[in-house]
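Pasted below: input-v4.cif, mmCIF, C-alpha atoms.
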```
data_my_file
#
loop_
_atom_site.group_PDB
_atom_site.id
_atom_site.type_symbol
_atom_site.label_atom_id
_atom_site.label_comp_id
_atom_site.auth_asym_id
_atom_site.auth_seq_id
_atom_site.Cartn_x
_atom_site.Cartn_y
_atom_site.Cartn_z
ATOM 1 C CA GLY A 1 79.814 239.025 41.624
ATOM 2 C CA LYS A 2 77.738 236.223 43.075
ATOM 3 C CA ALA A 3 78.350 236.071 46.810
ATOM 4 C CA ALA A 4 77.585 233.239 49.186
ATOM 5 C CA LEU A 5 75.185 234.004 52.024
ATOM 6 C CA GLY A 6 77.681 233.153 54.778
ATOM 7 C CA PRO A 7 80.431 235.621 53.745
ATOM 8 C CA ALA A 8 77.822 238.340 53.171
ATOM 9 C CA LEU A 9 76.540 237.901 56.724
ATOM 10 C CA ARG A 10 80.125 237.892 57.997
ATOM 11 C CA GLU A 11 80.753 241.261 56.345
ATOM 12 C CA TYR A 12 77.699 242.633 58.145
ATOM 13 C CA LEU A 13 79.023 241.407 61.503
ATOM 14 C CA MET A 14 82.613 242.538 60.911
ATOM 15 C CA GLY A 15 81.572 245.951 59.628
ATOM 16 C CA GLU A 16 79.366 246.563 62.647
ATOM 17 C CA ALA A 17 82.179 245.465 64.978
ATOM 18 C CA MET A 18 84.601 247.891 63.309
ATOM 19 C CA HIS A 19 82.037 250.680 63.462
ATOM 20 C CA ALA A 20 81.498 250.049 67.175
ATOM 21 C CA LEU A 21 85.268 250.209 67.691
ATOM 22 C CA GLY A 22 85.317 253.637 66.041
ATOM 23 C CA ILE A 23 87.350 252.468 63.048
ATOM 24 C CA PRO A 24 86.315 253.917 59.660
ATOM 25 C CA THR A 25 84.396 251.310 57.720
ATOM 26 C CA THR A 26 81.793 250.686 55.073
ATOM 27 C CA ARG A 27 78.614 249.167 56.469
ATOM 28 C CA ALA A 28 76.072 246.634 55.279
ATOM 29 C CA LEU A 29 72.589 248.055 54.725
ATOM 30 C CA ALA A 30 71.105 244.664 53.850
ATOM 31 C CA VAL A 31 71.887 241.109 52.859
ATOM 32 C CA ILE A 32 69.409 239.733 50.321
ATOM 33 C CA ARG A 33 69.000 236.080 49.387
ATOM 34 C CA THR A 34 69.009 235.526 45.627
ATOM 35 C CA GLY A 35 67.348 232.096 45.720
ATOM 36 C CA GLU A 36 70.257 230.687 43.700
ATOM 37 C CA ARG A 37 73.177 228.486 44.650
ATOM 38 C CA VAL A 38 76.754 229.612 43.981
ATOM 39 C CA ASN A 39 79.758 227.474 43.104
ATOM 40 C CA ARG A 40 82.194 227.724 46.004
ATOM 41 C CA GLU A 41 83.334 224.955 48.327
ATOM 42 C CA GLY A 42 80.130 223.041 47.957
ATOM 43 C CA SER A 43 77.063 224.913 46.731
ATOM 44 C CA PRO A 44 75.997 227.454 49.366
ATOM 45 C CA PRO A 45 72.967 229.739 49.002
ATOM 46 C CA GLY A 46 73.645 232.958 47.103
ATOM 47 C CA ALA A 47 73.169 236.514 48.331
ATOM 48 C CA ILE A 48 73.648 240.163 47.439
ATOM 49 C CA LEU A 49 75.280 242.518 49.952
ATOM 50 C CA VAL A 50 74.049 246.112 49.852
ATOM 51 C CA ARG A 51 77.039 248.131 51.061
ATOM 52 C CA VAL A 52 76.961 251.740 52.272
ATOM 53 C CA ALA A 53 80.125 253.828 51.919
ATOM 54 C CA ALA A 54 81.339 257.408 51.668
ATOM 55 C CA SER A 55 82.093 256.333 48.108
ATOM 56 C CA HIS A 56 83.109 253.169 46.297
ATOM 57 C CA LEU A 57 86.205 254.733 44.718
ATOM 58 C CA ARG A 58 89.284 252.571 45.180
ATOM 59 C CA VAL A 59 92.900 252.664 44.059
ATOM 60 C CA GLY A 60 91.787 250.126 41.466
ATOM 61 C CA THR A 61 89.333 252.655 40.025
ATOM 62 C CA PHE A 62 92.264 254.920 39.141
ATOM 63 C CA GLU A 63 94.241 251.952 37.822
ATOM 64 C CA PHE A 64 91.437 251.143 35.389
ATOM 65 C CA PHE A 65 91.677 254.461 33.554
ATOM 66 C CA ALA A 66 95.468 254.687 33.895
ATOM 67 C CA ALA A 67 95.893 251.259 32.284
ATOM 68 C CA ARG A 68 93.741 252.413 29.359
ATOM 69 C CA GLU A 69 95.766 255.660 29.152
ATOM 70 C CA GLU A 70 92.548 257.649 29.344
ATOM 71 C CA GLU A 71 94.023 260.804 30.820
ATOM 72 C CA VAL A 72 90.869 262.897 30.376
ATOM 73 C CA MET A 73 88.817 260.351 32.328
ATOM 74 C CA LEU A 74 91.577 260.067 34.913
ATOM 75 C CA ARG A 75 91.460 263.818 35.510
ATOM 76 C CA ARG A 76 87.669 263.747 35.753
ATOM 77 C CA LEU A 77 87.921 260.937 38.301
ATOM 78 C CA LEU A 78 90.499 262.913 40.283
ATOM 79 C CA ASP A 79 88.274 265.999 40.315
ATOM 80 C CA TYR A 80 85.290 263.922 41.433
ATOM 81 C CA ALA A 81 87.266 262.182 44.203
ATOM 82 C CA VAL A 82 88.579 265.502 45.503
ATOM 83 C CA ALA A 83 85.130 267.124 45.443
ATOM 84 C CA ARG A 84 83.648 264.186 47.337
ATOM 85 C CA HIS A 85 86.353 263.451 49.903
ATOM 86 C CA ASP A 86 88.553 266.544 50.106
ATOM 87 C CA PRO A 87 86.380 269.528 49.126
ATOM 88 C CA ALA A 88 88.849 271.938 50.727
ATOM 89 C CA LEU A 89 91.251 271.025 47.898
ATOM 90 C CA ALA A 90 88.701 271.487 45.113
ATOM 91 C CA LYS A 91 89.684 275.085 44.322
ATOM 92 C CA LEU A 92 93.372 274.242 43.932
ATOM 93 C CA SER A 93 94.680 274.408 40.389
ATOM 94 C CA ASP A 94 97.119 271.580 41.153
ATOM 95 C CA LYS A 95 95.209 268.775 42.913
ATOM 96 C CA PRO A 96 97.062 265.455 42.392
ATOM 97 C CA ILE A 97 99.749 265.815 45.077
ATOM 98 C CA PRO A 98 97.454 267.239 47.809
ATOM 99 C CA MET A 99 94.919 264.508 47.030
ATOM 100 C CA LEU A 100 97.621 261.805 47.224
ATOM 101 C CA GLU A 101 98.810 263.178 50.564
ATOM 102 C CA ALA A 102 95.242 263.184 51.921
ATOM 103 C CA VAL A 103 94.717 259.541 50.907
ATOM 104 C CA CYS A 104 98.083 258.597 52.456
ATOM 105 C CA GLU A 105 97.072 260.272 55.706
ATOM 106 C CA ARG A 106 93.731 258.485 55.874
ATOM 107 C CA GLN A 107 95.267 255.112 55.096
ATOM 108 C CA ALA A 108 98.098 255.546 57.603
ATOM 109 C CA GLN A 109 95.576 256.233 60.360
ATOM 110 C CA LEU A 110 93.266 253.414 59.258
ATOM 111 C CA ILE A 111 95.936 250.703 59.070
ATOM 112 C CA ALA A 112 97.423 251.783 62.403
ATOM 113 C CA ARG A 113 94.021 251.354 64.007
ATOM 114 C CA TRP A 114 93.588 247.935 62.370
ATOM 115 C CA MET A 115 96.899 246.872 63.840
ATOM 116 C CA GLY A 116 95.876 248.110 67.265
ATOM 117 C CA VAL A 117 92.891 245.745 67.423
ATOM 118 C CA GLY A 118 94.540 242.725 65.784
ATOM 119 C CA PHE A 119 92.489 242.999 62.587
ATOM 120 C CA ILE A 120 93.637 241.175 59.463
ATOM 121 C CA HIS A 121 91.945 242.251 56.247
ATOM 122 C CA GLY A 122 93.039 239.164 54.337
ATOM 123 C CA VAL A 123 93.095 240.521 50.767
ATOM 124 C CA MET A 124 94.606 244.010 50.650
ATOM 125 C CA ASN A 125 94.832 244.371 46.887
ATOM 126 C CA THR A 126 94.462 247.789 45.244
ATOM 127 C CA ASP A 127 90.786 247.188 44.498
ATOM 128 C CA ASN A 128 90.173 246.713 48.219
ATOM 129 C CA MET A 129 91.748 250.032 49.268
ATOM 130 C CA SER A 130 89.220 252.833 49.442
ATOM 131 C CA ILE A 131 90.120 256.434 48.589
ATOM 132 C CA SER A 132 87.878 257.501 51.473
ATOM 133 C CA GLY A 133 90.027 255.712 54.061
ATOM 134 C CA GLU A 134 87.271 253.287 55.059
ATOM 135 C CA THR A 135 87.677 249.552 55.539
ATOM 136 C CA ILE A 136 86.072 247.980 52.481
ATOM 137 C CA ASP A 137 85.383 244.534 51.054
ATOM 138 C CA TYR A 138 85.593 242.207 54.054
ATOM 139 C CA GLY A 139 86.715 238.899 52.619
ATOM 140 C CA PRO A 140 88.691 236.263 54.561
ATOM 141 C CA CYS A 141 89.207 238.690 57.450
ATOM 142 C CA ALA A 142 89.435 238.162 61.191
ATOM 143 C CA PHE A 143 90.385 239.593 64.553
ATOM 144 C CA MET A 144 93.236 237.582 66.054
ATOM 145 C CA ASP A 145 92.321 235.605 69.159
ATOM 146 C CA ARG A 146 95.986 234.845 69.815
ATOM 147 C CA PHE A 147 98.826 237.122 68.748
ATOM 148 C CA GLU A 148 100.861 235.847 65.817
ATOM 149 C CA ALA A 149 102.723 238.603 63.987
ATOM 150 C CA ASP A 150 102.763 236.753 60.672
ATOM 151 C CA LYS A 151 99.238 235.331 60.886
ATOM 152 C CA VAL A 152 97.467 234.822 57.529
ATOM 153 C CA PHE A 153 93.690 234.425 57.132
ATOM 154 C CA SER A 154 93.280 233.920 53.385
ATOM 155 C CA SER A 155 93.386 230.360 52.101
ATOM 156 C CA ILE A 156 94.811 231.566 48.764
ATOM 157 C CA ASP A 157 97.565 233.680 50.383
ATOM 158 C CA ARG A 158 100.144 230.891 50.448
ATOM 159 C CA HIS A 159 103.142 233.236 50.690
ATOM 160 C CA GLY A 160 101.820 235.526 53.425
ATOM 161 C CA ARG A 161 101.598 238.660 51.279
ATOM 162 C CA TYR A 162 98.635 239.893 53.336
ATOM 163 C CA ALA A 163 99.791 238.664 56.748
ATOM 164 C CA TYR A 164 98.992 240.801 59.793
ATOM 165 C CA ASN A 165 102.474 242.306 60.122
ATOM 166 C CA ARG A 166 102.744 243.044 56.400
ATOM 167 C CA GLN A 167 99.642 245.222 56.236
ATOM 168 C CA PRO A 168 101.479 248.565 56.641
ATOM 169 C CA ASN A 169 103.919 247.665 53.845
ATOM 170 C CA ILE A 170 101.114 246.485 51.562
ATOM 171 C CA ALA A 171 99.246 249.729 52.200
ATOM 172 C CA ALA A 172 102.366 251.686 51.202
ATOM 173 C CA TRP A 173 102.684 249.559 48.043
ATOM 174 C CA ASN A 174 99.041 250.193 47.134
ATOM 175 C CA LEU A 175 99.524 253.922 47.608
ATOM 176 C CA ALA A 176 102.555 253.789 45.326
ATOM 177 C CA GLN A 177 100.284 252.298 42.654
ATOM 178 C CA LEU A 178 97.880 255.222 43.111
ATOM 179 C CA ALA A 179 100.794 257.630 42.773
ATOM 180 C CA THR A 180 101.877 255.891 39.559
ATOM 181 C CA CYS A 181 98.383 256.409 38.126
ATOM 182 C CA LEU A 182 98.546 260.114 38.934
ATOM 183 C CA LEU A 183 101.998 260.771 37.409
ATOM 184 C CA PRO A 184 100.654 262.118 34.076
ATOM 185 C CA LEU A 185 98.513 264.605 36.023
ATOM 186 C CA ILE A 186 101.286 265.703 38.380
ATOM 187 C CA ASP A 187 103.779 267.010 35.818
ATOM 188 C CA ASP A 188 104.540 266.617 32.122
ATOM 189 C CA ASP A 189 108.169 266.058 33.122
ATOM 190 C CA SER A 190 108.186 262.435 34.322
ATOM 191 C CA GLU A 191 111.241 262.887 36.559
ATOM 192 C CA LYS A 192 109.665 265.851 38.349
ATOM 193 C CA ALA A 193 106.398 263.946 38.684
ATOM 194 C CA ILE A 194 108.128 260.922 40.213
ATOM 195 C CA ALA A 195 110.131 263.084 42.641
ATOM 196 C CA ALA A 196 106.980 264.891 43.813
ATOM 197 C CA ALA A 197 105.058 261.641 44.221
ATOM 198 C CA GLU A 198 107.878 259.980 46.166
ATOM 199 C CA GLN A 199 108.063 262.928 48.531
ATOM 200 C CA SER A 200 104.335 262.680 49.218
ATOM 201 C CA LEU A 201 104.478 258.917 49.736
ATOM 202 C CA GLY A 202 107.282 259.452 52.218
ATOM 203 C CA GLY A 203 104.788 260.891 54.682
ATOM 204 C CA PHE A 204 102.935 257.582 55.075
ATOM 205 C CA ALA A 205 105.430 255.683 57.255
ATOM 206 C CA PRO A 206 106.036 258.330 59.956
ATOM 207 C CA LEU A 207 102.319 259.085 60.258
ATOM 208 C CA TYR A 208 101.500 255.380 60.507
ATOM 209 C CA GLU A 209 104.175 254.881 63.190
ATOM 210 C CA SER A 210 103.040 257.859 65.271
ATOM 211 C CA THR A 211 99.360 256.835 65.095
ATOM 212 C CA TRP A 212 100.162 253.230 65.970
ATOM 213 C CA ILE A 213 102.432 254.076 68.912
ATOM 214 C CA ASP A 214 99.847 256.544 70.270
ATOM 215 C CA GLY A 215 97.256 253.749 70.173
ATOM 216 C CA MET A 216 99.586 251.354 71.968
ATOM 217 C CA LYS A 217 100.451 253.947 74.621
ATOM 218 C CA ALA A 218 96.743 254.401 75.312
ATOM 219 C CA LYS A 219 96.287 250.621 75.616
ATOM 220 C CA LEU A 220 99.155 250.425 78.097
ATOM 221 C CA GLY A 221 97.800 253.294 80.180
ATOM 222 C CA VAL A 222 100.732 255.630 79.456
ATOM 223 C CA PRO A 223 99.271 258.053 76.886
ATOM 224 C CA GLY A 224 101.543 260.860 78.062
ATOM 225 C CA ALA A 225 104.773 258.902 77.622
ATOM 226 C CA SER A 226 107.195 259.904 74.902
ATOM 227 C CA THR A 227 107.785 257.574 71.970
ATOM 228 C CA GLU A 228 111.328 257.001 73.229
ATOM 229 C CA GLU A 229 109.965 255.889 76.594
ATOM 230 C CA ALA A 230 107.065 253.813 75.293
ATOM 231 C CA GLY A 231 108.761 252.209 72.271
ATOM 232 C CA PRO A 232 110.807 249.595 74.179
ATOM 233 C CA LEU A 233 107.820 248.790 76.398
ATOM 234 C CA VAL A 234 105.604 248.150 73.362
ATOM 235 C CA GLN A 235 108.221 245.998 71.648
ATOM 236 C CA ASP A 236 108.711 243.991 74.829
ATOM 237 C CA LEU A 237 104.940 243.444 75.093
ATOM 238 C CA LEU A 238 104.711 242.211 71.498
ATOM 239 C CA ALA A 239 107.646 239.856 72.049
ATOM 240 C CA HIS A 240 105.922 238.358 75.089
ATOM 241 C CA LEU A 241 102.640 238.039 73.189
ATOM 242 C CA GLN A 242 104.406 236.212 70.356
ATOM 243 C CA GLN A 243 105.992 233.789 72.844
#
```
In C-alpha cells, what does this structure look like?
Amino acid sequence: GKAALGPALREYLMGEAMHALGIPTTRALAVIRTGERVNREGSPPGAILVRVAASHLRVGTFEFFAAREEEVMLRRLLDYAVARHDPALAKLSDKPIPMLEAVCERQAQLIARWMGVGFIHGVMNTDNMSISGETIDYGPCAFMDRFEADKVFSSIDRHGRYAYNRQPNIAAWNLAQLATCLLPLIDDDSEKAIAAAEQSLGGFAPLYESTWIDGMKAKLGVPGASTEEAGPLVQDLLAHLQQ
C-alpha cells in the first residue's frame, strides 16, 4: 500500500523501542520517500517502509488459501512455515497440531510482554498476527502514559475491539482462526479435527497468564513469590493505577 511518511517513521521508532525492551519485533531497515503525496487526512508525503522479519507469514496468509479451499497450497504453506520457524517439527508426519501449539506459545508470551509494558497494538486483525511471534505492522499503536485498562488507540476502533485489556482475547480469537484454517490438514474427520484443535488452543490462556504474572512479579520485586501470593497484590496495583 501507499504509506504516509509520518506513520512509517513511527514504525521505525516503535520497533526499535520494542527491540530495546527485548520484546520480539519486526524492525525497519529503511524508510524511503516516494516523492508522491498520499490521500489521508490531508495530503502527507508518501513513503515505503522496508521491514525486516523472521518471515512475513501471518494468520491471514493461511486464511487466504483456506478461503479458496486450496488444500494443496495450504499444506505447502504449513510445511514452509514449520521448516522456517519450527524446524524441530519438520520430520513429523503430522505437523498441524504441533505447529498450532508452537504459534500459540509464541503469541501467549508476546502478548503477555506487551501487556507488561502498556503497549497497545491498535489493529490486531489476523493479517497483523505473525506466525513467528514477532510484533508486526505497527499502525495506530502506543505505549500508555497513564493506565487505562480499556484504552483504545485506533480512530476507527469505535467499539473498543482492540483495546488494551482485550488484546489477550483477540489473540486467542486470531489463533482460533488459524486453527480453523488447519482443520482439513488435522484430520479427515471434522469432529476429531475440531476436538484436537480446541485442545491445542486451550494451552494459550494458562501460558499467557503465567508469563504475564511472572512479568508483574519481577516488576514488583517479588520474582520468587507464588502466583497465589502475588495475584492479589498485582490486582490491587492495577486497581490503584486505574483510579
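Comparing the minimum interatomic distances between A:Arg113 and each of A:Thr61, A:Thr211, A:Ser200, A:Thr126, counting all atoms listed in the file, we find that A:Thr211 sits nearest.
Nearest to A:Glu101 of all the residues A:Val82, A:Glu36, A:Ile120, A:Arg68 is A:Val82, based on all atoms listed in the file.
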Write out as a tab-separated table a residue-level contact list of stretch 193-212 of chain A versus stretch 218-237 of chain A with cut-off 12 Å: for each qualifying residue the closest pair of atoms and the distance in Å to one decimal, counting all atoms listed in the file, rows sorted by chain and residue number upward.
```
residue	atom	partner	partner_atom	distance
A:Glu209	CA	A:Thr227	CA	9.9
A:Ser210	CA	A:Thr227	CA	8.2
A:Thr211	CA	A:Ala218	CA	10.8
A:Trp212	CA	A:Ala218	CA	10.0
```
Specify as a ChimeraX atom specification each residue included when the PyMOL selection byres ((chain A and resi 14) around 12) is applied to this file.
/A:7-13,15-21,23,25-28,119-121,135-143
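Environment of (101.0, 235.6, 55.6): residues at most 9 Å away, judged by only C-alpha atoms, are Gly122, Asp150, Lys151, Val152, Phe153, Ser154, Asp157, Arg158, His159, Gly160, Arg161, Tyr162, Ala163, Tyr164, Asn165 and Arg166 of chain A.
Counting from atom CA of A:Ala205, the distance to atom CA of A:Trp173 is 11.4 Å.
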Could stretch 181-214 of chain A be completed with N, CA and C atoms and returned as a compact mmCIF listing (two decimals), keeping the file's coordinate frame?
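selection.txt was written with the following content:
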```
# COMPACT_ATOMS: atom_id res chain seq x y z
N CYS A 181 99.51 256.03 38.98
CA CYS A 181 98.38 256.41 38.13
C CYS A 181 98.31 257.92 37.93
N LEU A 182 98.69 258.66 38.96
CA LEU A 182 98.55 260.11 38.93
C LEU A 182 99.71 260.84 38.26
N LEU A 183 100.80 260.12 37.95
CA LEU A 183 102.00 260.77 37.41
C LEU A 183 101.71 261.67 36.21
N PRO A 184 100.90 261.24 35.22
CA PRO A 184 100.65 262.12 34.08
C PRO A 184 99.95 263.42 34.45
N LEU A 185 99.24 263.42 35.59
CA LEU A 185 98.51 264.60 36.02
C LEU A 185 99.36 265.50 36.92
N ILE A 186 100.44 264.94 37.46
CA ILE A 186 101.29 265.70 38.38
C ILE A 186 102.19 266.67 37.62
N ASP A 187 102.86 266.16 36.59
CA ASP A 187 103.78 267.01 35.82
C ASP A 187 104.06 266.34 34.47
N ASP A 188 104.20 267.16 33.44
CA ASP A 188 104.54 266.62 32.12
C ASP A 188 105.95 266.04 32.10
N ASP A 189 106.80 266.57 32.98
CA ASP A 189 108.17 266.06 33.12
C ASP A 189 108.11 264.85 34.05
N SER A 190 108.35 263.67 33.53
CA SER A 190 108.19 262.44 34.32
C SER A 190 109.10 262.39 35.55
N GLU A 191 110.32 262.90 35.42
CA GLU A 191 111.24 262.89 36.56
C GLU A 191 110.74 263.78 37.69
N LYS A 192 110.22 264.96 37.33
CA LYS A 192 109.66 265.85 38.35
C LYS A 192 108.42 265.23 38.98
N ALA A 193 107.61 264.58 38.17
CA ALA A 193 106.40 263.95 38.68
C ALA A 193 106.75 262.84 39.68
N ILE A 194 107.72 262.02 39.33
CA ILE A 194 108.13 260.92 40.21
C ILE A 194 108.70 261.46 41.51
N ALA A 195 109.52 262.50 41.44
CA ALA A 195 110.13 263.08 42.64
C ALA A 195 109.06 263.64 43.57
N ALA A 196 108.05 264.32 43.00
CA ALA A 196 106.98 264.89 43.81
C ALA A 196 106.14 263.80 44.46
N ALA A 197 105.86 262.75 43.69
CA ALA A 197 105.06 261.64 44.22
C ALA A 197 105.80 260.92 45.34
N GLU A 198 107.09 260.67 45.14
CA GLU A 198 107.88 259.98 46.17
C GLU A 198 107.93 260.78 47.46
N GLN A 199 108.03 262.09 47.33
CA GLN A 199 108.06 262.93 48.53
C GLN A 199 106.74 262.82 49.30
N SER A 200 105.64 262.81 48.57
CA SER A 200 104.34 262.68 49.22
C SER A 200 104.16 261.32 49.88
N LEU A 201 104.58 260.27 49.18
CA LEU A 201 104.48 258.92 49.74
C LEU A 201 105.33 258.76 50.99
N GLY A 202 106.39 259.54 51.06
CA GLY A 202 107.28 259.45 52.22
C GLY A 202 106.61 259.83 53.53
N GLY A 203 105.48 260.50 53.45
CA GLY A 203 104.79 260.89 54.68
C GLY A 203 103.98 259.77 55.30
N PHE A 204 103.77 258.67 54.56
CA PHE A 204 102.94 257.58 55.08
C PHE A 204 103.55 256.91 56.30
N ALA A 205 104.80 256.48 56.18
CA ALA A 205 105.43 255.68 57.26
C ALA A 205 105.49 256.41 58.59
N PRO A 206 105.99 257.66 58.65
CA PRO A 206 106.04 258.33 59.96
C PRO A 206 104.66 258.57 60.56
N LEU A 207 103.66 258.86 59.72
CA LEU A 207 102.32 259.08 60.26
C LEU A 207 101.73 257.78 60.77
N TYR A 208 101.97 256.68 60.03
CA TYR A 208 101.50 255.38 60.51
C TYR A 208 102.14 255.06 61.87
N GLU A 209 103.46 255.22 61.96
CA GLU A 209 104.18 254.88 63.19
C GLU A 209 103.67 255.71 64.37
N SER A 210 103.47 257.00 64.17
CA SER A 210 103.04 257.86 65.27
C SER A 210 101.62 257.51 65.71
N THR A 211 100.74 257.21 64.76
CA THR A 211 99.36 256.83 65.10
C THR A 211 99.33 255.50 65.83
N TRP A 212 100.14 254.55 65.35
CA TRP A 212 100.16 253.23 65.97
C TRP A 212 100.73 253.30 67.39
N ILE A 213 101.82 254.02 67.58
CA ILE A 213 102.43 254.08 68.91
C ILE A 213 101.53 254.83 69.88
N ASP A 214 100.80 255.84 69.40
CA ASP A 214 99.85 256.54 70.27
C ASP A 214 98.75 255.59 70.72
```
